[in-house]
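Content type mmCIF, C-alpha atoms and all ligand atoms; chains and numbers go by the auth columns, from the file upload_25.cif:
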```
data_coords
#
loop_
_atom_site.group_PDB
_atom_site.id
_atom_site.type_symbol
_atom_site.label_atom_id
_atom_site.label_comp_id
_atom_site.label_asym_id
_atom_site.label_seq_id
_atom_site.Cartn_x
_atom_site.Cartn_y
_atom_site.Cartn_z
_atom_site.B_iso_or_equiv
_atom_site.auth_seq_id
_atom_site.auth_asym_id
ATOM 1 C CA MET A 1 14.377 -37.812 -24.594 0.00 1 M
ATOM 2 C CA LYS A 2 11.134 -39.231 -25.961 0.00 2 M
ATOM 3 C CA LEU A 3 11.390 -41.568 -28.931 0.00 3 M
ATOM 4 C CA THR A 4 9.185 -39.346 -31.111 0.00 4 M
ATOM 5 C CA THR A 5 11.386 -36.334 -30.292 0.00 5 M
ATOM 6 C CA LEU A 6 14.497 -38.332 -31.158 0.00 6 M
ATOM 7 C CA ILE A 7 13.000 -39.490 -34.461 0.00 7 M
ATOM 8 C CA LEU A 8 11.963 -35.946 -35.241 0.00 8 M
ATOM 9 C CA LEU A 9 15.407 -34.510 -34.510 0.00 9 M
ATOM 10 C CA THR A 10 17.011 -37.195 -36.655 0.00 10 M
ATOM 11 C CA THR A 11 14.551 -36.438 -39.457 0.00 11 M
ATOM 12 C CA LEU A 12 15.227 -32.708 -39.239 0.00 12 M
ATOM 13 C CA GLN A 13 18.984 -33.348 -39.272 0.00 13 M
ATOM 14 C CA ALA A 14 18.554 -35.579 -42.328 0.00 14 M
ATOM 15 C CA ALA A 15 16.490 -32.859 -43.984 0.00 15 M
ATOM 16 C CA ALA A 16 19.250 -30.322 -43.297 0.00 16 M
ATOM 17 C CA GLN A 17 21.960 -32.641 -44.603 0.00 17 M
ATOM 18 C CA ILE A 18 20.269 -33.423 -47.863 0.00 18 M
ATOM 19 C CA GLY A 19 19.273 -29.787 -48.225 0.00 19 M
ATOM 20 C CA VAL A 20 15.535 -30.184 -48.734 0.00 20 M
ATOM 21 C CA PRO A 21 14.522 -27.057 -50.618 0.00 21 M
ATOM 22 C CA GLU A 22 11.779 -25.207 -48.802 0.00 22 M
ATOM 23 C CA ARG A 23 9.872 -24.237 -51.891 0.00 23 M
ATOM 24 C CA ARG A 24 10.219 -27.249 -54.091 0.00 24 M
ATOM 25 C CA GLN A 25 7.199 -28.524 -55.961 0.00 25 M
ATOM 26 C CA ALA A 26 5.742 -31.907 -54.984 0.00 26 M
ATOM 27 C CA LYS A 27 5.105 -33.887 -58.165 0.00 27 M
ATOM 28 C CA VAL A 28 1.875 -35.610 -57.159 0.00 28 M
ATOM 29 C CA PRO A 29 -1.044 -33.738 -55.594 0.00 29 M
ATOM 30 C CA VAL A 30 -2.357 -34.989 -52.266 0.00 30 M
ATOM 31 C CA CYS A 31 -5.768 -36.628 -52.631 0.00 31 M
ATOM 32 C CA VAL A 32 -8.274 -35.602 -49.934 0.00 32 M
ATOM 33 C CA ILE A 33 -11.795 -37.060 -49.933 0.00 33 M
ATOM 34 C CA ASN A 34 -14.252 -34.906 -48.001 0.00 34 M
ATOM 35 C CA GLN A 35 -16.893 -37.519 -47.455 0.00 35 M
ATOM 36 C CA ASN A 36 -19.728 -35.545 -45.892 0.00 36 M
ATOM 37 C CA VAL A 37 -19.421 -32.024 -47.141 0.00 37 M
ATOM 38 C CA LEU A 38 -23.181 -31.658 -46.605 0.00 38 M
ATOM 39 C CA ALA A 39 -22.745 -31.969 -42.846 0.00 39 M
ATOM 40 C CA ALA A 40 -21.398 -28.443 -42.960 0.00 40 M
ATOM 41 C CA ASP A 41 -22.570 -25.378 -44.754 0.00 41 M
ATOM 42 C CA VAL A 42 -21.486 -26.109 -48.343 0.00 42 M
ATOM 43 C CA PRO A 43 -20.200 -22.593 -49.234 0.00 43 M
ATOM 44 C CA VAL A 44 -18.303 -22.513 -45.901 0.00 44 M
ATOM 45 C CA GLU A 45 -16.787 -25.903 -46.583 0.00 45 M
ATOM 46 C CA LEU A 46 -15.801 -25.056 -50.152 0.00 46 M
ATOM 47 C CA LEU A 47 -14.248 -21.754 -49.079 0.00 47 M
ATOM 48 C CA ALA A 48 -12.311 -23.579 -46.344 0.00 48 M
ATOM 49 C CA GLU A 49 -11.034 -26.030 -48.949 0.00 49 M
ATOM 50 C CA ARG A 50 -9.935 -23.175 -51.212 0.00 50 M
ATOM 51 C CA LEU A 51 -8.027 -21.499 -48.371 0.00 51 M
ATOM 52 C CA THR A 52 -6.440 -24.830 -47.407 0.00 52 M
ATOM 53 C CA THR A 53 -5.408 -25.429 -51.021 0.00 53 M
ATOM 54 C CA LYS A 54 -3.769 -21.981 -51.083 0.00 54 M
ATOM 55 C CA MET A 55 -1.773 -22.627 -47.883 0.00 55 M
ATOM 56 C CA PHE A 56 -0.352 -25.834 -49.342 0.00 56 M
ATOM 57 C CA ALA A 57 0.160 -24.291 -52.805 0.00 57 M
ATOM 58 C CA ASP A 58 2.319 -21.618 -51.137 0.00 58 M
ATOM 59 C CA ILE A 59 4.768 -24.359 -50.098 0.00 59 M
ATOM 60 C CA GLY A 60 4.635 -26.233 -53.400 0.00 60 M
ATOM 61 C CA VAL A 61 2.095 -28.902 -52.458 0.00 61 M
ATOM 62 C CA GLY A 62 -1.024 -29.560 -54.541 0.00 62 M
ATOM 63 C CA ILE A 63 -4.283 -30.764 -52.991 0.00 63 M
ATOM 64 C CA GLU A 64 -6.869 -32.596 -55.067 0.00 64 M
ATOM 65 C CA TRP A 65 -10.272 -32.560 -53.340 0.00 65 M
ATOM 66 C CA GLN A 66 -12.931 -35.160 -53.926 0.00 66 M
ATOM 67 C CA HIS A 67 -16.407 -35.178 -52.418 0.00 67 M
ATOM 68 C CA GLY A 68 -18.896 -37.810 -51.393 0.00 68 M
ATOM 69 C CA ARG A 69 -18.627 -41.298 -50.049 0.00 69 M
ATOM 70 C CA PRO A 70 -15.300 -42.888 -50.857 0.00 70 M
ATOM 71 C CA PRO A 71 -15.303 -45.955 -53.087 0.00 71 M
ATOM 72 C CA ALA A 72 -15.172 -49.286 -51.243 0.00 72 M
ATOM 73 C CA THR A 73 -11.648 -49.668 -52.542 0.00 73 M
ATOM 74 C CA ARG A 74 -10.465 -46.272 -51.363 0.00 74 M
ATOM 75 C CA PRO A 75 -6.866 -45.844 -52.433 0.00 75 M
ATOM 76 C CA ASN A 76 -4.666 -46.070 -49.343 0.00 76 M
ATOM 77 C CA HIS A 77 -2.937 -42.825 -50.171 0.00 77 M
ATOM 78 C CA CYS A 78 -6.147 -40.733 -50.105 0.00 78 M
ATOM 79 C CA ILE A 79 -6.839 -38.799 -46.916 0.00 79 M
ATOM 80 C CA LEU A 80 -10.442 -39.139 -45.746 0.00 80 M
ATOM 81 C CA THR A 81 -12.077 -36.298 -43.809 0.00 81 M
ATOM 82 C CA THR A 82 -15.286 -36.679 -41.809 0.00 82 M
ATOM 83 C CA VAL A 83 -17.142 -33.693 -40.380 0.00 83 M
ATOM 84 C CA THR A 84 -19.043 -34.446 -37.188 0.00 84 M
ATOM 85 C CA THR A 85 -21.078 -32.315 -34.829 0.00 85 M
ATOM 86 C CA GLY A 86 -20.332 -34.593 -31.873 0.00 86 M
ATOM 87 C CA VAL A 87 -16.972 -35.135 -30.217 0.00 87 M
ATOM 88 C CA PRO A 88 -15.663 -38.561 -29.185 0.00 88 M
ATOM 89 C CA ARG A 89 -14.993 -39.096 -25.463 0.00 89 M
ATOM 90 C CA THR A 90 -11.335 -39.731 -26.239 0.00 90 M
ATOM 91 C CA ALA A 91 -10.841 -36.224 -27.666 0.00 91 M
ATOM 92 C CA SER A 92 -9.177 -33.627 -25.467 0.00 92 M
ATOM 93 C CA SER A 93 -11.285 -30.727 -24.259 0.00 93 M
ATOM 94 C CA HIS A 94 -9.644 -28.191 -26.583 0.00 94 M
ATOM 95 C CA ALA A 95 -9.363 -30.331 -29.753 0.00 95 M
ATOM 96 C CA LEU A 96 -11.072 -28.987 -32.869 0.00 96 M
ATOM 97 C CA ALA A 97 -10.285 -32.100 -34.916 0.00 97 M
ATOM 98 C CA ALA A 98 -8.262 -35.283 -34.787 0.00 98 M
ATOM 99 C CA ALA A 99 -6.047 -37.082 -37.277 0.00 99 M
ATOM 100 C CA GLY A 100 -5.065 -40.696 -37.351 0.00 100 M
ATOM 101 C CA PRO A 101 -3.949 -43.206 -36.463 0.00 101 M
ATOM 102 C CA PHE A 102 -1.553 -42.066 -39.189 0.00 102 M
ATOM 103 C CA GLU A 103 -1.756 -45.304 -41.196 0.00 103 M
ATOM 104 C CA THR A 104 -5.546 -44.878 -41.578 0.00 104 M
ATOM 105 C CA ASN A 105 -5.158 -41.485 -43.284 0.00 105 M
ATOM 106 C CA GLN A 106 -8.315 -40.220 -41.566 0.00 106 M
ATOM 107 C CA ILE A 107 -9.288 -36.858 -40.153 0.00 107 M
ATOM 108 C CA THR A 108 -12.346 -36.129 -38.021 0.00 108 M
ATOM 109 C CA VAL A 109 -13.423 -32.491 -37.761 0.00 109 M
ATOM 110 C CA PHE A 110 -15.464 -31.355 -34.741 0.00 110 M
ATOM 111 C CA LEU A 111 -17.564 -28.748 -36.502 0.00 111 M
ATOM 112 C CA ARG A 112 -19.621 -27.536 -33.526 0.00 112 M
ATOM 113 C CA ARG A 113 -16.471 -26.689 -31.579 0.00 113 M
ATOM 114 C CA ILE A 114 -15.063 -24.812 -34.582 0.00 114 M
ATOM 115 C CA LYS A 115 -18.258 -22.768 -34.913 0.00 115 M
ATOM 116 C CA ARG A 116 -18.186 -21.910 -31.190 0.00 116 M
ATOM 117 C CA ARG A 117 -14.488 -21.285 -30.988 0.00 117 M
ATOM 118 C CA SER A 118 -13.871 -17.690 -31.929 0.00 118 M
ATOM 119 C CA ALA A 119 -15.040 -14.588 -33.678 0.00 119 M
ATOM 120 C CA LEU A 120 -13.221 -15.796 -36.772 0.00 120 M
ATOM 121 C CA SER A 121 -15.310 -16.908 -39.706 0.00 121 M
ATOM 122 C CA THR A 122 -15.976 -20.636 -39.604 0.00 122 M
ATOM 123 C CA ALA A 123 -14.448 -21.035 -43.076 0.00 123 M
ATOM 124 C CA ILE A 124 -11.128 -19.483 -42.031 0.00 124 M
ATOM 125 C CA LEU A 125 -10.815 -21.484 -38.818 0.00 125 M
ATOM 126 C CA LEU A 126 -11.924 -24.670 -40.597 0.00 126 M
ATOM 127 C CA SER A 127 -9.253 -24.114 -43.264 0.00 127 M
ATOM 128 C CA TYR A 128 -6.525 -23.847 -40.606 0.00 128 M
ATOM 129 C CA VAL A 129 -7.863 -26.924 -38.800 0.00 129 M
ATOM 130 C CA LEU A 130 -7.882 -28.933 -42.052 0.00 130 M
ATOM 131 C CA THR A 131 -4.398 -27.698 -42.944 0.00 131 M
ATOM 132 C CA HIS A 132 -3.077 -28.613 -39.464 0.00 132 M
ATOM 133 C CA GLU A 133 -4.552 -32.132 -39.552 0.00 133 M
ATOM 134 C CA ILE A 134 -3.572 -32.870 -43.166 0.00 134 M
ATOM 135 C CA THR A 135 -0.041 -31.796 -42.233 0.00 135 M
ATOM 136 C CA HIS A 136 0.049 -34.279 -39.333 0.00 136 M
ATOM 137 C CA LEU A 137 -0.739 -37.073 -41.803 0.00 137 M
ATOM 138 C CA LEU A 138 1.749 -35.828 -44.407 0.00 138 M
ATOM 139 C CA GLU A 139 4.579 -35.380 -41.881 0.00 139 M
ATOM 140 C CA ASP A 140 3.801 -38.832 -40.460 0.00 140 M
ATOM 141 C CA VAL A 141 5.301 -37.889 -37.082 0.00 141 M
ATOM 142 C CA ASN A 142 3.514 -36.731 -33.970 0.00 142 M
ATOM 143 C CA TYR A 143 5.032 -33.270 -33.953 0.00 143 M
ATOM 144 C CA HIS A 144 3.866 -29.806 -32.954 0.00 144 M
ATOM 145 C CA ALA A 145 5.838 -26.717 -33.862 0.00 145 M
ATOM 146 C CA PRO A 146 6.548 -23.923 -31.368 0.00 146 M
ATOM 147 C CA SER A 147 4.633 -21.488 -33.581 0.00 147 M
ATOM 148 C CA GLY A 148 2.426 -21.204 -36.640 0.00 148 M
ATOM 149 C CA ILE A 149 -0.039 -23.610 -38.230 0.00 149 M
ATOM 150 C CA MET A 150 1.406 -26.654 -36.452 0.00 150 M
ATOM 151 C CA LYS A 151 1.332 -25.180 -32.929 0.00 151 M
ATOM 152 C CA SER A 152 -0.544 -27.452 -30.520 0.00 152 M
ATOM 153 C CA HIS A 153 -2.664 -24.702 -28.936 0.00 153 M
ATOM 154 C CA TRP A 154 -3.477 -21.567 -30.873 0.00 154 M
ATOM 155 C CA ASP A 155 -3.812 -18.405 -28.774 0.00 155 M
ATOM 156 C CA ALA A 156 -5.531 -15.063 -29.392 0.00 156 M
ATOM 157 C CA GLU A 157 -2.570 -13.745 -31.390 0.00 157 M
ATOM 158 C CA ASP A 158 -2.626 -16.858 -33.589 0.00 158 M
ATOM 159 C CA PHE A 159 -6.339 -16.326 -34.256 0.00 159 M
ATOM 160 C CA ASN A 160 -5.588 -12.713 -35.202 0.00 160 M
ATOM 161 C CA ARG A 161 -2.921 -13.932 -37.608 0.00 161 M
ATOM 162 C CA MET A 162 -5.396 -16.411 -39.118 0.00 162 M
ATOM 163 C CA ASP A 163 -7.845 -13.591 -39.686 0.00 163 M
ATOM 164 C CA ARG A 164 -5.132 -11.776 -41.672 0.00 164 M
ATOM 165 C CA ARG A 165 -4.057 -15.120 -43.330 0.00 165 M
ATOM 166 C CA GLN A 166 -0.633 -14.611 -41.781 0.00 166 M
ATOM 167 C CA LEU A 167 -0.349 -17.786 -39.732 0.00 167 M
ATOM 168 C CA THR A 168 2.118 -19.903 -41.687 0.00 168 M
ATOM 169 C CA PHE A 169 4.208 -23.067 -41.624 0.00 169 M
ATOM 170 C CA THR A 170 7.629 -23.015 -39.950 0.00 170 M
ATOM 171 C CA PRO A 171 10.643 -23.961 -42.146 0.00 171 M
ATOM 172 C CA SER A 172 10.863 -27.280 -40.221 0.00 172 M
ATOM 173 C CA ASP A 173 7.239 -28.077 -41.085 0.00 173 M
ATOM 174 C CA ILE A 174 7.900 -27.400 -44.765 0.00 174 M
ATOM 175 C CA SER A 175 10.911 -29.738 -44.730 0.00 175 M
ATOM 176 C CA LEU A 176 8.977 -32.443 -42.867 0.00 176 M
ATOM 177 C CA ILE A 177 6.011 -32.180 -45.248 0.00 177 M
ATOM 178 C CA HIS A 178 8.244 -32.619 -48.303 0.00 178 M
ATOM 179 C CA LEU A 179 10.113 -35.508 -46.683 0.00 179 M
ATOM 180 C CA GLY A 180 6.790 -37.140 -45.791 0.00 180 M
ATOM 181 C CA LEU A 181 5.462 -36.621 -49.319 0.00 181 M
ATOM 182 C CA ALA A 182 8.572 -38.213 -50.802 0.00 182 M
ATOM 183 C CA SER A 183 8.104 -41.344 -48.689 0.00 183 M
ATOM 184 C CA ARG A 184 4.333 -41.427 -49.431 0.00 184 M
ATOM 185 C CA HIS A 185 5.183 -41.268 -53.123 0.00 185 M
ATOM 186 C CA GLU A 186 7.689 -44.093 -52.712 0.00 186 M
ATOM 187 C CA ARG A 187 5.104 -46.227 -50.870 0.00 187 M
ATOM 188 C CA ARG A 188 2.524 -45.557 -53.612 0.00 188 M
ATOM 189 C CA SER A 189 4.834 -46.685 -56.347 0.00 189 M
ATOM 190 C CA THR A 190 5.315 -50.017 -54.578 0.00 190 M
ATOM 191 C CA GLU A 191 1.606 -50.547 -53.738 0.00 191 M
HETATM 192 ZN ZN ZN B . -1.970 -31.187 -33.842 0.00 201 N
#
```

Would you mind writing the structure in this file as structure tokens?
Amino acid sequence: MKLTTLILLTTLQAAAQIGVPERRQAKVPVCVINQNVLAADVPVELLAERLTTKMFADIGVGIEWQHGRPPATRPNHCILTTVTTGVPRTASSHALAAAGPFETNQITVFLRRIKRRSALSTAILLSYVLTHEITHLLEDVNYHAPSGIMKSHWDAEDFNRMDRRQLTFTPSDISLIHLGLASRHERRSTE
């Protein structure tokens, strides 16, 4: 069994034992700095942010968006997103974005691939990509769910569900997100 799988199973067991409520409200909103919103179409980007905010709000997690270049002393807890049209050589052929390394709290979005990807509106697909990558950072484990937002490869049926806004988090994702948020909050209070 891989170490990450073992850690994940242990985390999920811990979540079950302490009875993490699926719909509890995180106290502190997650700060996300979108540093080059102008690289994309602004209305598309803002709509994607609104849809992302809604997906997290549905599971009791607030997102606080900021725009523009981050201050030199960017708070460690803020997630930084960068929209690029190019794709780094290290990215896999199907990746629409990348998150991490986790401790850097950074997301890179491959906008050209998102625009080419499907008949879905760019805003909808971008919102699911942002939600997926933010979740990786919040969960702080390299985990993909068998279905839903955190699936590693979305298929045609998943894209159809996105179009109807019916692609959702699994219960395990919700538990992992709230566990991750609790430990982020703990780290912040000792920073
Ligand atoms: Zn992923």

(request) Please write the residues picked by the PyMOL selection byres (((not hetatm)) within 10 of (chain N and resi 201)) on this file as a ChimeraX atom specification. (result) /M:95-99,129,132-137,142-145,149-153

Kindly provide, as AutoDock Vina command-line options, the centre and edge lengths (Å, one decimal) of an axis-aligned box around all atoms of region 85-99 of chain M given in the file, with 6 Å on each side.
```
--center_x -13.6 --center_y -34.0 --center_z -30.8 --size_x 27.0 --size_y 23.5 --size_z 25.0
```

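Taking only C-alpha atoms into account, Met55 (chain M) lies nearest to M:Thr131 out of the set M:Ile174, M:Pro146, M:Thr131, M:Arg184.
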
(request) Take the PyMOL selection byres (((chain M and resi 115) around 12) and not hetatm), apply it to the structure above, and return the hits as a PyMOL selection string. (result) chain M and resi 40-41+44+84-85+96+109-114+116-126+129

(message) With the PyMOL selection byres (((chain M and resi 68-72) around 12) and not hetatm) as the selection, what would be picked from this file? Answer as a ChimeraX atom specification, please.
(response) /M:31-39,65-67,73-76,78-83,106

Could you turn the residues from that selection into a file that holds C-alpha atoms, as a PDB file, keeping the file's coordinate frame?
```pdb
ATOM      1  CA  CYS M  31      -5.768 -36.628 -52.631  1.00  0.00           C
ATOM      2  CA  VAL M  32      -8.274 -35.602 -49.934  1.00  0.00           C
ATOM      3  CA  ILE M  33     -11.795 -37.060 -49.933  1.00  0.00           C
ATOM      4  CA  ASN M  34     -14.252 -34.906 -48.001  1.00  0.00           C
ATOM      5  CA  GLN M  35     -16.893 -37.519 -47.455  1.00  0.00           C
ATOM      6  CA  ASN M  36     -19.728 -35.545 -45.892  1.00  0.00           C
ATOM      7  CA  VAL M  37     -19.421 -32.024 -47.141  1.00  0.00           C
ATOM      8  CA  LEU M  38     -23.181 -31.658 -46.605  1.00  0.00           C
ATOM      9  CA  ALA M  39     -22.745 -31.969 -42.846  1.00  0.00           C
ATOM     10  CA  TRP M  65     -10.272 -32.560 -53.340  1.00  0.00           C
ATOM     11  CA  GLN M  66     -12.931 -35.160 -53.926  1.00  0.00           C
ATOM     12  CA  HIS M  67     -16.407 -35.178 -52.418  1.00  0.00           C
ATOM     13  CA  THR M  73     -11.648 -49.668 -52.542  1.00  0.00           C
ATOM     14  CA  ARG M  74     -10.465 -46.272 -51.363  1.00  0.00           C
ATOM     15  CA  PRO M  75      -6.866 -45.844 -52.433  1.00  0.00           C
ATOM     16  CA  ASN M  76      -4.666 -46.070 -49.343  1.00  0.00           C
ATOM     17  CA  CYS M  78      -6.147 -40.733 -50.105  1.00  0.00           C
ATOM     18  CA  ILE M  79      -6.839 -38.799 -46.916  1.00  0.00           C
ATOM     19  CA  LEU M  80     -10.442 -39.139 -45.746  1.00  0.00           C
ATOM     20  CA  THR M  81     -12.077 -36.298 -43.809  1.00  0.00           C
ATOM     21  CA  THR M  82     -15.286 -36.679 -41.809  1.00  0.00           C
ATOM     22  CA  VAL M  83     -17.142 -33.693 -40.380  1.00  0.00           C
ATOM     23  CA  GLN M 106      -8.315 -40.220 -41.566  1.00  0.00           C
TER      24      GLN M 106
END
```

Report as a tab-separated table the residues of region 37-126 of chain M within 12 Å of region 169-172 of chain M, each with its shortest atom pair and distance in Å (one decimal), using all atoms listed in the file, ordered by chain and increasing residue number.
```
residue	atom	partner	partner_atom	distance
M:Met55	CA	M:Phe169	CA	8.7
M:Phe56	CA	M:Phe169	CA	9.4
M:Ala57	CA	M:Phe169	CA	12.0
M:Asp58	CA	M:Phe169	CA	9.8
M:Ile59	CA	M:Phe169	CA	8.6
```

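For the choices M:Thr90, M:His77, M:Thr168, M:Gly100, the atom-to-atom distance to Thr52 (chain M) is smallest for M:Thr168 when using only C-alpha atoms.
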
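The gap separating CA of Asn160 (chain M) from CA of Val61 (chain M) is 24.9 Å, in Å to one decimal.
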
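Note that CA of Arg89 (chain M) and CA of Tyr128 (chain M) are 23.1 Å apart.
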